[in-house]
2 protein chains.
Amino acid sequence: MSGVSDKRPIGVGLIGFGTIGTGVAKVLSQNADVIEQRLGAPLRLVRVADLDTESDRGFDLGDIRFDADSEGLVADPQVDIVVELIGGYDVARRLILRSIENGKHVVTANKALLALHGAEIFAKAAESGVDVAFEASVAGGIPILRSLREGLAANHIDALYGILNGTSNYVLSEMESTGEDFEVVLKRAQELGYAEADPTFDVEGVDAAHKLTLLAAMAFGAELTFKQVPTEGIVGLTPDDFEAAQEFGFRIKLLGIAKARREGGSERIEVRVHPTLVPIDSLLARVDGAMNAVAVIGDAVGETLFYGAGAGEMPTASAVVADLMEIAREIGRGGAGRVAPLSYMPEVLAPKPLVPLGELVGSFYLRFTALDCPGVLGHLAGELGEHGIGIRSVLQKGRGDSAASVPVIVFTHPAPESAVRAALERIDELADVTAPTRVLRIEEEL
Amino acid sequence: MSGVSDKRPIGVGLIGFGTIGTGVAKVLSQNADVIEQRLGAPLRLVRVADLDTESDRGFDLGDIRFDADSEGLVADPQVDIVVELIGGYDVARRLILRSIENGKHVVTANKALLALHGAEIFAKAAESGVDVAFEASVAGGIPILRSLREGLAANHIDALYGILNGTSNYVLSEMESTGEDFEVVLKRAQELGYAEADPTFDVEGVDAAHKLTLLAAMAFGAELTFKQVPTEGIVGLTPDDFEAAQEFGFRIKLLGIAKARREGGSERIEVRVHPTLVPIDSLLARVDGAMNAVAVIGDAVGETLFYGAGAGEMPTASAVVADLMEIAREIGRGGAGRVAPLSYMPEVLAPKPLVPLGELVGSFYLRFTALDCPGVLGHLAGELGEHGIGIRSVLQKGRGDSAASVPVIVFTHPAPESAVRAALERIDELADVTAPTRVLRIEEEL
């Protein structure tokens, strides 16, 4: 393929014509002027495949071929780049691998697939000399993968903290501002379209863990699958938690956290997803509603933050088309698939030892559920003390009914997670403790 | 030049071995492992030039050639990429043009030069088929130029708002939190090294205007010099301004603002630098101290924000080395200077009509200085009313001394800037108005 100047249009084939797919078609059409200007060549949607060829998407494909034949699409010589937006595992994986075999570059938003089968897909792509780009798979429209790959490339990444799931963040923001229960807010989120009918992946932290897996791969060159990421969701949080957090200057956010621990010549990686208390005056605490943000700390650049819409038709399409433009530019310049593939993934992905959760040291928020009777706090404090865990603050609101259970909230001084777990095993068996203790981690240095 | 695989080291020549230059040498040395891993080839500092070859920079150059011969450096066949960090206009311009003529790629942090002579430099670079990269020139370590060029490339950019000058932001943050006068805070900033001995460029908004010029070029393809940017600095702000702003839910930030106004088929650009009232719960309001941030609004992606250190040895070096790595990767892949230069600037830069300030419509903060006597507010309100300017709130604190001047602060409803200017011309001539009125603009939709 020759240089940009001959203006050969780059052909795009789109598999999956749902919300995001429609957004991609819209952006390619509505922004064709700036895209061609910035690229030096037109980027043209030439074929669309979806099992549902009937529904009205509110976008007129005009002459563009549209049918259910995705196998035909990935073999179509007019298609230079395949956009995979059907999601899920089996079919998506087969179509992506087929595209790669056929010498097509691939753009995908499929975090679940990459977080499980990324290694296989990237290896095949390198073999075939094609690119697999996936900016849209993490934090929607925020160019965070690019920023790790390019803008912050000169840094050892020390840590990253991401609000990666818009549904959870919407629920947390609403619970905090209204004081309502989790179930009430989740139901409203579903009615408003912020949460899916089955919200499990979102509220259980699985979606955030998928994205964290990809971020950690980019940041640390860590070969990782999301199954290795300790994950806790936001289910079970109560209005009491938000009230207590606020009283002590914190907000609760579902964070994906990845840190490098470099000791001697070796590097271990710490990855986890869980609801976290963050200081109320930190930028991450200010990320409200369905928005996403990723704070990245590099050894040279220091603290950075990237903020934007983490989902939605047009923001996600913005990221997909950015990937298309980058690959198209390389095709035009004779780079893509000819000299060497773009390293969307770091050149060298290697398994890195993970730091076990128990080794982590931090401050904790503990919500005990205990009978409202004298001596309870003494029992709790005694067990914590025996395990070497210092108490920073206690919040106990008696309800004057000794038969009822009340929350007793304790903020600890920094302690090893293993000590906290050991103490809780004992505490949760005490006679005056009536329900399992809820543990939240505190990230104070944000 | 051949592919990455032969691992030919890429030679870097550094002109200007001051703070940033030392940072670049440190990053290239300390982070050589990740740089080579991510690049597939070593990036090697081969030569350094500075007029001062004596001072101790706290970094040992070892065997690297170090002398005052910058002319020799830009002709040295070992040097593939020249890093220009001497700043200023004449010498820097000559050395950059000489580098380009010699077929060297250039990385620079010199916003002042590019904001004035950018057109000439980019034209020469295109002619010679070399790259000129300048991420470090805007917002230090934040990869904002890359994000505009790549991550948000599929968008029409609607607007951007930047906190682009760390010195000003430090002074504003301190004035707000301490209630101290401008001069007191500026003096402390100088003592702490946050402000230079001659802080004019920073506090007058000139540095921010340089950076805004480059951002607007990237975002809108606008051929612009900073002389076209209406610029107001932070000099003359008083503790009263911060107190009044806070009372109404605002903070004061020095913003560089660029917006596109698209009407019919035509596009006009609005650019300006001035202290601005921003809503206290916006993310920009939370950018404190010497940090920088740029909010970018794209038609597909919606609202985004990029945050980080805007200056300093290591953050700026992070951006310089990111540029070096990108060019080095292209050299390795046979792209740079061979097929087509990387478009660090948009392919097509064209002069765009600017929206005159008078046409802008917005809400205003007006601080009148008037005698503390009956009837004053009536006079002010009367003049505003005659010019069609609605008053939203008034803050007047009488000091019980009719001979003294007091501030009278007015928040207006949205009005054309031209009407406000006309009203103020009349008001500032009133007998009971004793000093020129201070005007601040309000950006409510942030």
# chains A, B, ... in the order shown; residues from 1 in each chain; ligands from 1
$ closest_atom_pairs --of "chain B" --to "chain A" --cutoff "8 Å" --atoms "only C-alpha atoms" --output "CSV"
residue,atom,partner,partner_atom,distance
B:Gly3,CA,A:Val339,CA,6.6
B:Val4,CA,A:Ala340,CA,7.9
B:Val27,CA,A:Ala300,CA,7.1
B:Asn31,CA,A:Asn155,CA,6.8
B:Val34,CA,A:His156,CA,6.9
B:Ile35,CA,A:Ala154,CA,6.0
B:Gln37,CA,A:Glu347,CA,6.9
B:Arg38,CA,A:Pro346,CA,6.0
B:Leu39,CA,A:Glu347,CA,8.0
B:Gly40,CA,A:Glu347,CA,7.4
B:Gly141,CA,A:Val301,CA,5.5
B:Ile142,CA,A:Thr304,CA,7.0
B:Pro143,CA,A:Gly151,CA,4.9
B:Arg146,CA,A:Gly151,CA,6.8
B:Ser147,CA,A:Pro143,CA,6.7
B:Glu150,CA,A:Ala322,CA,6.3
B:Gly151,CA,A:Pro143,CA,4.9
B:Leu152,CA,A:Ala322,CA,6.5
B:Ala153,CA,A:Ala322,CA,5.7
B:Ala154,CA,A:Ala322,CA,5.5
B:Asn155,CA,A:Ser318,CA,6.8
B:His156,CA,A:Val34,CA,6.9
B:Asp281,CA,A:Arg286,CA,7.9
B:Leu283,CA,A:Arg286,CA,6.9
B:Arg286,CA,A:Leu283,CA,6.9
B:Ala300,CA,A:Met314,CA,4.9
B:Val301,CA,A:Pro315,CA,3.9
B:Gly302,CA,A:Pro315,CA,6.6
B:Glu303,CA,A:Gly308,CA,5.8
B:Thr304,CA,A:Gly308,CA,4.2
B:Leu305,CA,A:Tyr307,CA,4.9
B:Phe306,CA,A:Phe306,CA,4.9
B:Tyr307,CA,A:Leu305,CA,4.9
B:Gly308,CA,A:Thr304,CA,4.2
B:Ala309,CA,A:Val301,CA,7.1
B:Met314,CA,A:Ala300,CA,4.9
B:Pro315,CA,A:Val301,CA,3.9
B:Thr316,CA,A:Val301,CA,7.3
B:Ala317,CA,A:Ala300,CA,7.3
B:Ser318,CA,A:Val301,CA,5.6
B:Ala319,CA,A:Gly151,CA,6.8
B:Val321,CA,A:Ala154,CA,5.8
B:Ala322,CA,A:Ala154,CA,5.5
B:Asp323,CA,A:Gly151,CA,7.9
B:Met325,CA,A:Ala154,CA,7.7
B:Glu326,CA,A:Glu150,CA,7.2
B:Arg333,CA,A:Val339,CA,6.1
B:Gly334,CA,A:Val339,CA,7.7
B:Gly335,CA,A:Gly335,CA,6.7
B:Val339,CA,A:Arg333,CA,6.0
B:Ala340,CA,A:Arg333,CA,6.8
B:Pro346,CA,A:Arg38,CA,6.0
B:Glu347,CA,A:Arg38,CA,6.1
B:Val348,CA,A:Gln37,CA,7.1
$ write_last_selection --atoms "N, CA and C atoms" --output "compact mmCIF listing (two decimals), in the first residue's frame"
# COMPACT_ATOMS: atom_id res chain seq x y z
N GLY B 3 13.83 -2.01 10.16
CA GLY B 3 12.83 -2.27 11.19
C GLY B 3 13.39 -2.26 12.61
N VAL B 4 12.47 -2.43 13.54
CA VAL B 4 12.81 -2.39 14.95
C VAL B 4 13.77 -3.49 15.33
N VAL B 27 15.52 10.73 33.02
CA VAL B 27 14.50 9.77 32.58
C VAL B 27 15.10 8.78 31.58
N ASN B 31 15.00 5.25 33.37
CA ASN B 31 13.90 4.45 32.83
C ASN B 31 14.28 3.74 31.54
N VAL B 34 12.31 0.30 30.75
CA VAL B 34 10.97 0.31 30.14
C VAL B 34 10.97 0.98 28.78
N ILE B 35 11.83 1.97 28.61
CA ILE B 35 11.87 2.65 27.31
C ILE B 35 12.29 1.67 26.22
N GLN B 37 12.17 -1.59 26.35
CA GLN B 37 11.18 -2.66 26.24
C GLN B 37 9.98 -2.22 25.40
N ARG B 38 9.49 -1.01 25.67
CA ARG B 38 8.31 -0.54 24.96
C ARG B 38 8.61 -0.14 23.53
N LEU B 39 9.85 0.24 23.29
CA LEU B 39 10.24 0.76 21.99
C LEU B 39 10.78 -0.33 21.08
N GLY B 40 11.37 -1.34 21.69
CA GLY B 40 12.02 -2.38 20.89
C GLY B 40 13.42 -2.00 20.46
N GLY B 141 3.49 17.47 31.86
CA GLY B 141 3.42 16.03 31.72
C GLY B 141 2.10 15.49 31.21
N ILE B 142 1.07 16.33 31.12
CA ILE B 142 -0.25 15.85 30.67
C ILE B 142 -0.21 15.59 29.17
N PRO B 143 -0.56 14.38 28.74
CA PRO B 143 -0.49 14.11 27.29
C PRO B 143 -1.70 14.68 26.55
N ARG B 146 -1.29 14.90 22.38
CA ARG B 146 -1.54 13.55 21.87
C ARG B 146 -3.00 13.18 21.93
N SER B 147 -3.65 13.54 23.04
CA SER B 147 -5.05 13.15 23.18
C SER B 147 -5.92 13.87 22.16
N GLU B 150 -4.86 12.19 18.68
CA GLU B 150 -5.15 10.77 18.48
C GLU B 150 -6.45 10.34 19.18
N GLY B 151 -6.47 10.44 20.49
CA GLY B 151 -7.57 9.87 21.26
C GLY B 151 -8.92 10.48 20.95
N LEU B 152 -8.92 11.78 20.67
CA LEU B 152 -10.19 12.47 20.39
C LEU B 152 -10.30 12.84 18.91
N ALA B 153 -9.49 12.19 18.07
CA ALA B 153 -9.38 12.59 16.67
C ALA B 153 -10.68 12.45 15.90
N ALA B 154 -11.60 11.62 16.38
CA ALA B 154 -12.86 11.41 15.65
C ALA B 154 -13.88 12.50 15.93
N ASN B 155 -13.55 13.44 16.80
CA ASN B 155 -14.51 14.46 17.23
C ASN B 155 -14.30 15.80 16.53
N HIS B 156 -15.40 16.50 16.27
CA HIS B 156 -15.32 17.95 16.18
C HIS B 156 -15.16 18.44 17.61
N ASP B 281 -18.31 23.18 42.29
CA ASP B 281 -18.37 21.72 42.23
C ASP B 281 -17.91 21.17 40.88
N LEU B 283 -14.94 20.02 38.19
CA LEU B 283 -13.60 19.45 38.39
C LEU B 283 -12.52 20.52 38.26
N ARG B 286 -11.45 22.23 41.25
CA ARG B 286 -10.71 21.41 42.21
C ARG B 286 -9.24 21.25 41.86
N ALA B 300 -18.68 13.95 19.88
CA ALA B 300 -19.03 12.56 20.13
C ALA B 300 -18.72 12.17 21.58
N VAL B 301 -17.55 12.52 22.05
CA VAL B 301 -17.10 12.01 23.36
C VAL B 301 -17.76 12.74 24.52
N GLY B 302 -18.27 13.95 24.29
CA GLY B 302 -18.81 14.73 25.40
C GLY B 302 -17.69 15.38 26.20
N GLU B 303 -17.88 15.46 27.51
CA GLU B 303 -16.92 16.16 28.36
C GLU B 303 -15.79 15.24 28.82
N THR B 304 -14.57 15.71 28.66
CA THR B 304 -13.41 14.97 29.18
C THR B 304 -12.54 15.94 29.97
N LEU B 305 -11.66 15.39 30.77
CA LEU B 305 -10.71 16.24 31.48
C LEU B 305 -9.39 15.51 31.65
N PHE B 306 -8.32 16.26 31.47
CA PHE B 306 -6.96 15.73 31.57
C PHE B 306 -6.21 16.56 32.61
N TYR B 307 -5.64 15.90 33.60
CA TYR B 307 -5.09 16.58 34.78
C TYR B 307 -3.68 16.10 35.06
N GLY B 308 -2.82 16.98 35.51
CA GLY B 308 -1.48 16.57 35.91
C GLY B 308 -0.59 17.77 36.20
N ALA B 309 0.68 17.49 36.44
CA ALA B 309 1.63 18.55 36.72
C ALA B 309 1.94 19.30 35.43
N MET B 314 10.77 16.65 36.23
CA MET B 314 10.45 15.29 35.80
C MET B 314 9.15 15.18 34.99
N PRO B 315 8.06 15.88 35.40
CA PRO B 315 6.85 15.80 34.57
C PRO B 315 7.09 16.29 33.14
N THR B 316 7.84 17.39 33.00
CA THR B 316 8.09 17.90 31.65
C THR B 316 8.98 16.93 30.89
N ALA B 317 9.96 16.36 31.58
CA ALA B 317 10.83 15.36 30.94
C ALA B 317 10.01 14.15 30.50
N SER B 318 9.00 13.78 31.26
CA SER B 318 8.13 12.66 30.88
C SER B 318 7.53 12.90 29.50
N ALA B 319 7.10 14.14 29.27
CA ALA B 319 6.49 14.48 27.96
C ALA B 319 7.54 14.51 26.86
N VAL B 321 10.34 12.83 26.67
CA VAL B 321 10.78 11.47 26.33
C VAL B 321 9.67 10.69 25.62
N ALA B 322 8.40 10.98 25.96
CA ALA B 322 7.30 10.36 25.21
C ALA B 322 7.39 10.74 23.73
N ASP B 323 7.68 12.00 23.46
CA ASP B 323 7.86 12.44 22.07
C ASP B 323 9.04 11.73 21.42
N MET B 325 10.22 8.87 22.16
CA MET B 325 9.88 7.46 21.92
C MET B 325 9.00 7.31 20.69
N GLU B 326 8.07 8.23 20.51
CA GLU B 326 7.19 8.11 19.36
C GLU B 326 7.97 8.28 18.05
N ARG B 333 10.45 1.81 12.53
CA ARG B 333 9.51 1.16 11.62
C ARG B 333 9.63 1.69 10.21
N GLY B 334 10.58 2.61 10.02
CA GLY B 334 10.76 3.13 8.67
C GLY B 334 9.75 4.18 8.29
N GLY B 335 9.00 4.66 9.29
CA GLY B 335 7.96 5.63 8.99
C GLY B 335 8.45 7.06 8.97
N VAL B 339 8.12 8.07 4.68
CA VAL B 339 6.88 8.05 3.93
C VAL B 339 6.17 9.39 4.02
N ALA B 340 5.89 9.79 5.21
CA ALA B 340 5.26 11.09 5.44
C ALA B 340 5.53 11.46 6.88
N PRO B 346 -2.09 19.39 12.78
CA PRO B 346 -3.05 18.88 11.79
C PRO B 346 -2.51 19.11 10.38
N GLU B 347 -2.90 18.21 9.47
CA GLU B 347 -2.39 18.29 8.09
C GLU B 347 -2.67 19.68 7.51
N VAL B 348 -3.87 20.16 7.80
CA VAL B 348 -4.29 21.42 7.21
C VAL B 348 -4.48 22.45 8.31
$ residues_around --residues "stretch 171-181 of chain A" --least-positions-apart "4" --cutoff "12 Å" --atoms "only C-alpha atoms" --output "CSV table (one decimal) with C-alpha atoms, in the first residue's frame"
chain,number,residue,atom,x,y,z
A,163,ILE,CA,-13.6,4.4,38.4
A,165,ASN,CA,-17.9,1.1,35.8
A,166,GLY,CA,-20.5,3.8,35.2
A,167,THR,CA,-23.4,1.8,36.6
A,185,VAL,CA,-31.4,3.2,43.6
A,186,LEU,CA,-30.6,0.2,41.4
A,187,LYS,CA,-34.2,-0.1,40.4
A,188,ARG,CA,-34.2,3.5,39.4
A,189,ALA,CA,-30.9,3.1,37.5
A,190,GLN,CA,-32.5,0.3,35.5
A,192,LEU,CA,-33.3,5.2,33.5
A,194,TYR,CA,-28.0,3.3,33.6
A,195,ALA,CA,-28.2,-0.3,34.6
A,199,PRO,CA,-26.8,-5.9,36.5
A,202,ASP,CA,-21.6,-4.2,36.9
A,203,VAL,CA,-22.6,-4.3,40.6
A,233,GLY,CA,-18.8,-5.3,44.3
A,234,ILE,CA,-21.0,-2.7,45.8
A,235,VAL,CA,-23.8,-5.0,46.8
A,236,GLY,CA,-24.5,-4.8,50.6
A,237,LEU,CA,-23.5,-1.2,51.1
A,238,THR,CA,-26.0,0.6,53.3
A,239,PRO,CA,-27.0,4.3,53.8
A,240,ASP,CA,-25.1,4.1,57.1
A,241,ASP,CA,-21.9,3.5,55.2
A,242,PHE,CA,-22.2,6.7,53.2
A,243,GLU,CA,-23.2,8.7,56.2
A,244,ALA,CA,-20.3,7.5,58.3
A,245,ALA,CA,-17.8,7.9,55.4
A,246,GLN,CA,-19.0,11.5,54.8
A,247,GLU,CA,-18.7,12.3,58.5
A,250,PHE,CA,-14.6,10.3,52.6
A,251,ARG,CA,-16.7,9.2,49.7
A,252,ILE,CA,-17.3,5.6,48.6
A,253,LYS,CA,-16.2,4.7,45.1
A,254,LEU,CA,-15.8,1.4,43.4
A,255,LEU,CA,-12.1,1.5,42.4
A,275,PRO,CA,-15.5,-0.3,47.1
A,276,THR,CA,-13.1,2.2,48.6
A,277,LEU,CA,-13.2,5.2,50.9
A,285,ALA,CA,-14.3,11.7,44.9
A,286,ARG,CA,-15.7,14.3,42.5
A,287,VAL,CA,-16.4,11.9,39.7
A,288,ASP,CA,-20.2,11.6,39.9
A,289,GLY,CA,-23.0,9.8,38.2
A,290,ALA,CA,-22.1,7.5,35.3
A,291,MET,CA,-18.8,9.2,34.5
$ closest_residue --among "B:Lys352, B:His117, B:Lys397, B:Lys104" --to "B:Val132" --atoms "only C-alpha atoms"
B:Lys104
$ select_by_dssp --residues "stretch 279-369 of chain B" --states "strand (DSSP E or B)" --output "list of chain:residue names"
B:Pro279, B:Met291, B:Asn292, B:Ala293, B:Val294, B:Ala295, B:Val296, B:Ile297, B:Gly298, B:Gly302, B:Glu303, B:Thr304, B:Leu305, B:Phe306, B:Tyr307, B:Gly308, B:Ala309, B:Ala350, B:Pro351, B:Leu354, B:Val361, B:Gly362, B:Ser363, B:Phe364, B:Tyr365, B:Leu366, B:Arg367, B:Phe368, B:Thr369
$ write_last_selection --atoms "N, CA and C atoms" --output "compact mmCIF listing (two decimals), in the first residue's frame"
# COMPACT_ATOMS: atom_id res chain seq x y z
N PRO B 279 -17.86 27.14 38.57
CA PRO B 279 -18.66 26.58 39.66
C PRO B 279 -17.81 25.72 40.59
N MET B 291 -0.89 22.63 39.84
CA MET B 291 -1.33 21.62 38.87
C MET B 291 -2.03 22.28 37.67
N ASN B 292 -2.08 21.55 36.58
CA ASN B 292 -2.75 21.98 35.35
C ASN B 292 -3.88 21.01 35.03
N ALA B 293 -4.83 21.48 34.23
CA ALA B 293 -5.86 20.58 33.72
C ALA B 293 -6.45 21.19 32.46
N VAL B 294 -6.89 20.34 31.57
CA VAL B 294 -7.58 20.80 30.37
C VAL B 294 -8.87 20.01 30.22
N ALA B 295 -10.01 20.71 30.19
CA ALA B 295 -11.29 20.07 29.90
C ALA B 295 -11.53 20.22 28.40
N VAL B 296 -11.84 19.13 27.75
CA VAL B 296 -12.10 19.15 26.31
C VAL B 296 -13.50 18.60 26.06
N ILE B 297 -14.29 19.32 25.30
CA ILE B 297 -15.64 18.85 24.97
C ILE B 297 -15.70 18.55 23.47
N GLY B 298 -15.95 17.30 23.15
CA GLY B 298 -16.04 16.88 21.75
C GLY B 298 -17.46 16.50 21.41
N GLY B 302 -18.27 13.95 24.29
CA GLY B 302 -18.81 14.73 25.40
C GLY B 302 -17.69 15.38 26.20
N GLU B 303 -17.88 15.46 27.51
CA GLU B 303 -16.92 16.16 28.36
C GLU B 303 -15.79 15.24 28.82
N THR B 304 -14.57 15.71 28.66
CA THR B 304 -13.41 14.97 29.18
C THR B 304 -12.54 15.94 29.97
N LEU B 305 -11.66 15.39 30.77
CA LEU B 305 -10.71 16.24 31.48
C LEU B 305 -9.39 15.51 31.65
N PHE B 306 -8.32 16.26 31.47
CA PHE B 306 -6.96 15.73 31.57
C PHE B 306 -6.21 16.56 32.61
N TYR B 307 -5.64 15.90 33.60
CA TYR B 307 -5.09 16.58 34.78
C TYR B 307 -3.68 16.10 35.06
N GLY B 308 -2.82 16.98 35.51
CA GLY B 308 -1.48 16.57 35.91
C GLY B 308 -0.59 17.77 36.20
N ALA B 309 0.68 17.49 36.44
CA ALA B 309 1.63 18.55 36.72
C ALA B 309 1.94 19.30 35.43
N ALA B 350 -5.38 26.28 8.78
CA ALA B 350 -5.91 27.39 8.00
C ALA B 350 -6.32 28.52 8.94
N PRO B 351 -6.14 29.75 8.49
CA PRO B 351 -6.61 30.84 9.33
C PRO B 351 -8.12 30.73 9.49
N LEU B 354 -12.00 34.78 13.77
CA LEU B 354 -12.18 34.78 15.21
C LEU B 354 -13.45 35.53 15.58
N VAL B 361 -21.50 36.34 24.63
CA VAL B 361 -22.59 36.54 25.58
C VAL B 361 -22.33 35.65 26.79
N GLY B 362 -22.35 36.22 27.97
CA GLY B 362 -22.14 35.42 29.16
C GLY B 362 -22.53 36.21 30.39
N SER B 363 -22.41 35.55 31.53
CA SER B 363 -22.67 36.25 32.78
C SER B 363 -21.37 36.88 33.26
N PHE B 364 -21.50 37.96 33.99
CA PHE B 364 -20.32 38.69 34.43
C PHE B 364 -20.34 38.92 35.93
N TYR B 365 -19.12 38.99 36.45
CA TYR B 365 -18.89 39.43 37.83
C TYR B 365 -18.30 40.82 37.71
N LEU B 366 -18.94 41.80 38.30
CA LEU B 366 -18.45 43.18 38.22
C LEU B 366 -18.13 43.68 39.62
N ARG B 367 -16.90 44.09 39.84
CA ARG B 367 -16.56 44.70 41.13
C ARG B 367 -16.39 46.20 40.93
N PHE B 368 -17.40 46.95 41.35
CA PHE B 368 -17.32 48.40 41.31
C PHE B 368 -16.61 48.90 42.55
N THR B 369 -15.96 50.01 42.42
CA THR B 369 -15.38 50.67 43.58
C THR B 369 -16.07 52.03 43.68
$ atom_distance --atom1 "atom CA of B:Arg98" --atom2 "atom CA of B:Ile20"
21.9 Å
